[in-house]
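In what follows, a structure is listed as structure tokens, so that the remarks can point back to it.
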Amino acid sequence: MAVKFFGQFLVEKGIVARDILLKAIELQEQKNLKLGEMAVTMGHVSPADIDRAHRAQLSRDIKLGDLLVEMGILTLSQLDEVMTRQKNTHLYIGEALVLVGALTNEQLQHCLGEFNTDQAPYVSERIELPADISNSDIWEITADLTYKMITRMLGFPFRAGKCRAITAVDVDFSMAALDMSGDVEARYIISVSQELQKSVARAILHEESVENEPSEVLEDTVMEFINVVCGNIAAKASQKGRIINISPPVTIRPDAAGLAVPSGHRGLCFPIHIGENETMQLVLFIKD
Amino acid sequence: MKRVLVVDDSLSVARQLEKIINDSGDFTYIGHAKNGAEAIKMNHSEDPDIICMDMNMPGMDGLTALRSLSMLDKDVKVVMVTSLGGVGDKFTEALKLGAKNVISKPFEAGDVLQILREL
């Protein structure tokens, strides 16, 4: 069980065939206009304006709407109108499946109910973060899904400690890291003791003992854990219209002095107390 | 028995899938490629019936490899096994490129076998 989108759930359950889903997605792509297309349709800009903005966007890390405003092509209130129209006319995948005849409205409502039940374990809970952290909704999802996956994948009883801002991280036995990019930029790190690393490996490999496993395999299990957590974070973020890309995970080996938060980044640490006396740390280096 | 190639940079995922596949009685695990480029080579040398492939791998990623495999070999059935399955755009791109299905991580043995048996 993982964070899913509705179409995937329907295909997995055999309710909708792969080719029918693709047909519905094609319909969505025809009906759901992109921001530039919608702005042209509403008469606020010309196709030539959009071309000019797209060319300028090639060398900038900026959303098209913000750029159109910056270039004086759209006013802020026009941008707001365009985005509202996009939202109000959005054709959802369930509606598209009804339109292509794959589901009736009654079946859609029933399937949505089943989907919500399936995804209930992944409904986000509030996490308290230090004030003035940008994109705090994403970091709340990040911590929340990490906790949920500790239960789901590792089966560890745990107690989440209070999140705190940090300037450096103490080195632990094993540290796995994964870079996030897209609407946010950050490095996600999980650090574990030697004993916790073995516990993670036993859970991931479904083995009673991992005493004879090479260190490469033990490290790999922690990397795979963060890969799955971060993939599910990307999925949850995409449900909120946010894009997060993830890189393959790596094992990092800082020197004994510890790992400093890179300049231009904020550091957050979420201690996770496991069992009687072990602590796993979730660390985020978030680009300002 | 249908022969299955696993493509994932994670040794632990390859081990999990090897066990699920070999314990099923319906499929045979024939090997493990660590990235998309290795997958294309092993598809040529081992001629699997099914490929279970990750998306997020160093070197050639899974979607790039899927694009090539779909052009090079019309017979092989590719199922993506990925933590990114719940990202709608990634799921859609995989199906458009020819994947038969997408399995999200973390997965259960029963879910994997159900999808492989439906191919």
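Just so we're on the same page: first chain in the structure tokens is A, next is B, and so on; residues restart at 1 for each chain, and ligands are numbered from 1 in the order they show up.
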Find the residues of chain B that sit at most 9 Å from chain A; for each, write down the nearest two atoms and how far apart they are in Å, to one decimal. Count only C-alpha atoms. Sort by chain, then by number going up, and give it as a tab-separated table.
```
residue	atom	partner	partner_atom	distance
B:Asp9	CA	A:Pro248	CA	8.6
B:Ser10	CA	A:Asp220	CA	6.3
B:Leu11	CA	A:Val217	CA	6.5
B:Ser12	CA	A:Thr221	CA	5.9
B:Val13	CA	A:Glu224	CA	7.6
B:Arg15	CA	A:Leu205	CA	7.4
B:Gln16	CA	A:Leu205	CA	6.4
B:Asn56	CA	A:Pro248	CA	5.8
B:Met57	CA	A:Pro248	CA	5.6
B:Pro58	CA	A:Pro248	CA	6.0
B:Thr82	CA	A:Gly231	CA	7.9
B:Ser83	CA	A:Gly231	CA	4.5
B:Leu84	CA	A:Gly231	CA	4.7
B:Gly85	CA	A:Lys4	CA	6.9
B:Gly86	CA	A:Lys4	CA	3.9
B:Val87	CA	A:Ala235	CA	4.3
B:Gly88	CA	A:Phe5	CA	6.0
B:Asp89	CA	A:Ser238	CA	8.6
B:Phe91	CA	A:Gln8	CA	7.3
B:Thr92	CA	A:Leu22	CA	7.4
B:Leu95	CA	A:Leu22	CA	7.5
B:Lys96	CA	A:Leu22	CA	7.4
B:Lys100	CA	A:Arg18	CA	7.5
B:Asn101	CA	A:Arg18	CA	7.5
B:Val102	CA	A:Gln8	CA	7.7
B:Ile103	CA	A:Glu12	CA	8.1
B:Ser104	CA	A:Ala2	CA	6.2
B:Lys105	CA	A:Val228	CA	6.0
B:Pro106	CA	A:Ala2	CA	6.1
B:Phe107	CA	A:Met1	CA	6.2
B:Glu108	CA	A:Met1	CA	7.4
B:Asp111	CA	A:Glu12	CA	8.5
B:Ile115	CA	A:Glu12	CA	7.7
```
Shell of 7 Å around region 38-48 of chain B, only C-alpha atoms, local chain residues under 6 positions omitted, as an NGL selection string: :B and (3-5 or 7 or 65 or 69 or 76)
Output for the residues just chosen: N, CA, C and O atoms as an mmCIF file, in the first residue's frame:
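Output (out-v4.cif):
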```cif
data_model
loop_
_atom_site.group_PDB
_atom_site.id
_atom_site.type_symbol
_atom_site.label_atom_id
_atom_site.label_comp_id
_atom_site.auth_asym_id
_atom_site.auth_seq_id
_atom_site.Cartn_x
_atom_site.Cartn_y
_atom_site.Cartn_z
ATOM 1 N N ARG B 3 9.762 -15.963 -17.657
ATOM 2 C CA ARG B 3 11.074 -15.566 -17.123
ATOM 3 C C ARG B 3 11.079 -14.060 -16.864
ATOM 4 O O ARG B 3 10.718 -13.267 -17.738
ATOM 5 N N VAL B 4 11.508 -13.689 -15.661
ATOM 6 C CA VAL B 4 11.408 -12.287 -15.228
ATOM 7 C C VAL B 4 12.792 -11.703 -14.942
ATOM 8 O O VAL B 4 13.580 -12.277 -14.184
ATOM 9 N N LEU B 5 13.054 -10.559 -15.545
ATOM 10 C CA LEU B 5 14.275 -9.784 -15.268
ATOM 11 C C LEU B 5 13.901 -8.620 -14.351
ATOM 12 O O LEU B 5 12.901 -7.936 -14.588
ATOM 13 N N VAL B 7 15.007 -4.951 -12.731
ATOM 14 C CA VAL B 7 15.899 -3.810 -12.976
ATOM 15 C C VAL B 7 15.698 -2.808 -11.846
ATOM 16 O O VAL B 7 14.638 -2.176 -11.740
ATOM 17 N N ALA B 65 14.848 3.901 -20.362
ATOM 18 C CA ALA B 65 15.045 2.509 -20.793
ATOM 19 C C ALA B 65 13.752 1.938 -21.369
ATOM 20 O O ALA B 65 13.773 1.211 -22.368
ATOM 21 N N LEU B 69 13.253 0.089 -24.858
ATOM 22 C CA LEU B 69 12.786 -1.303 -24.895
ATOM 23 C C LEU B 69 11.511 -1.443 -25.726
ATOM 24 O O LEU B 69 11.341 -2.413 -26.452
ATOM 25 N N VAL B 76 8.438 -8.079 -25.192
ATOM 26 C CA VAL B 76 8.675 -8.073 -23.747
ATOM 27 C C VAL B 76 7.639 -7.188 -23.044
ATOM 28 O O VAL B 76 7.266 -6.128 -23.543
#
```
Based on DSSP run over this structure's backbone, return all residues of region 212-283 of chain A in strand (DSSP E or B), as a PyMOL selection string. chain A and resi 244-246+250-252+259-260+265-274+278-283
So how many Å separate CA of Asp118 (chain A) and CA of Ser181 (chain A), to one decimal? 28.2 Å
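What separates CA of Phe173 (chain A) from CA of Arg253 (chain A) is a distance of 8.8 Å.
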Distance query region 49-52 of chain A at most 9 Å, only C-alpha atoms, self and fewer than 4 positions along chain excluded, as a short mmCIF file (atom, residue, chain, number, x, y, z; two decimals) with N, CA, C and O atoms, in the first residue's frame:
```cif
data_model
loop_
_atom_site.label_atom_id
_atom_site.label_comp_id
_atom_site.auth_asym_id
_atom_site.auth_seq_id
_atom_site.Cartn_x
_atom_site.Cartn_y
_atom_site.Cartn_z
N GLY A 36 -0.79 29.22 -20.15
CA GLY A 36 -0.63 30.08 -21.31
C GLY A 36 -1.81 29.96 -22.27
O GLY A 36 -2.33 30.96 -22.79
N GLU A 37 -2.25 28.71 -22.50
CA GLU A 37 -3.39 28.48 -23.40
C GLU A 37 -4.65 29.15 -22.86
O GLU A 37 -5.42 29.75 -23.61
N ALA A 39 -4.78 31.74 -20.84
CA ALA A 39 -4.64 33.20 -20.92
C ALA A 39 -4.94 33.69 -22.33
O ALA A 39 -5.57 34.74 -22.53
N VAL A 40 -4.52 32.88 -23.34
CA VAL A 40 -4.81 33.23 -24.74
C VAL A 40 -6.32 33.12 -24.99
O VAL A 40 -6.94 34.03 -25.56
N VAL A 45 -3.70 37.61 -23.43
CA VAL A 45 -2.38 37.63 -24.09
C VAL A 45 -2.52 37.03 -25.48
O VAL A 45 -3.53 36.39 -25.80
N ALA A 56 12.02 33.29 -22.70
CA ALA A 56 12.68 33.92 -21.54
C ALA A 56 12.77 32.94 -20.37
O ALA A 56 13.71 32.98 -19.58
N GLN A 57 11.78 32.03 -20.31
CA GLN A 57 11.74 31.08 -19.20
C GLN A 57 12.87 30.05 -19.27
O GLN A 57 13.24 29.46 -18.25
N LEU A 64 5.60 30.23 -15.31
CA LEU A 64 5.18 31.05 -16.45
C LEU A 64 4.31 32.23 -16.01
O LEU A 64 4.51 33.36 -16.46
N LEU A 68 5.05 36.10 -16.74
CA LEU A 68 4.16 36.94 -17.55
C LEU A 68 3.86 38.26 -16.82
O LEU A 68 3.79 39.32 -17.44
N ILE A 73 3.18 41.48 -19.22
CA ILE A 73 2.23 40.96 -20.22
C ILE A 73 0.86 40.72 -19.57
O ILE A 73 -0.18 40.94 -20.19
#
```
I need the residues of chain B that end up classed as helix (DSSP H, G or I) by DSSP on the backbone, written out as number ranges by chain. B: 11-24, 36-46, 62-72, 88-96, 109-117
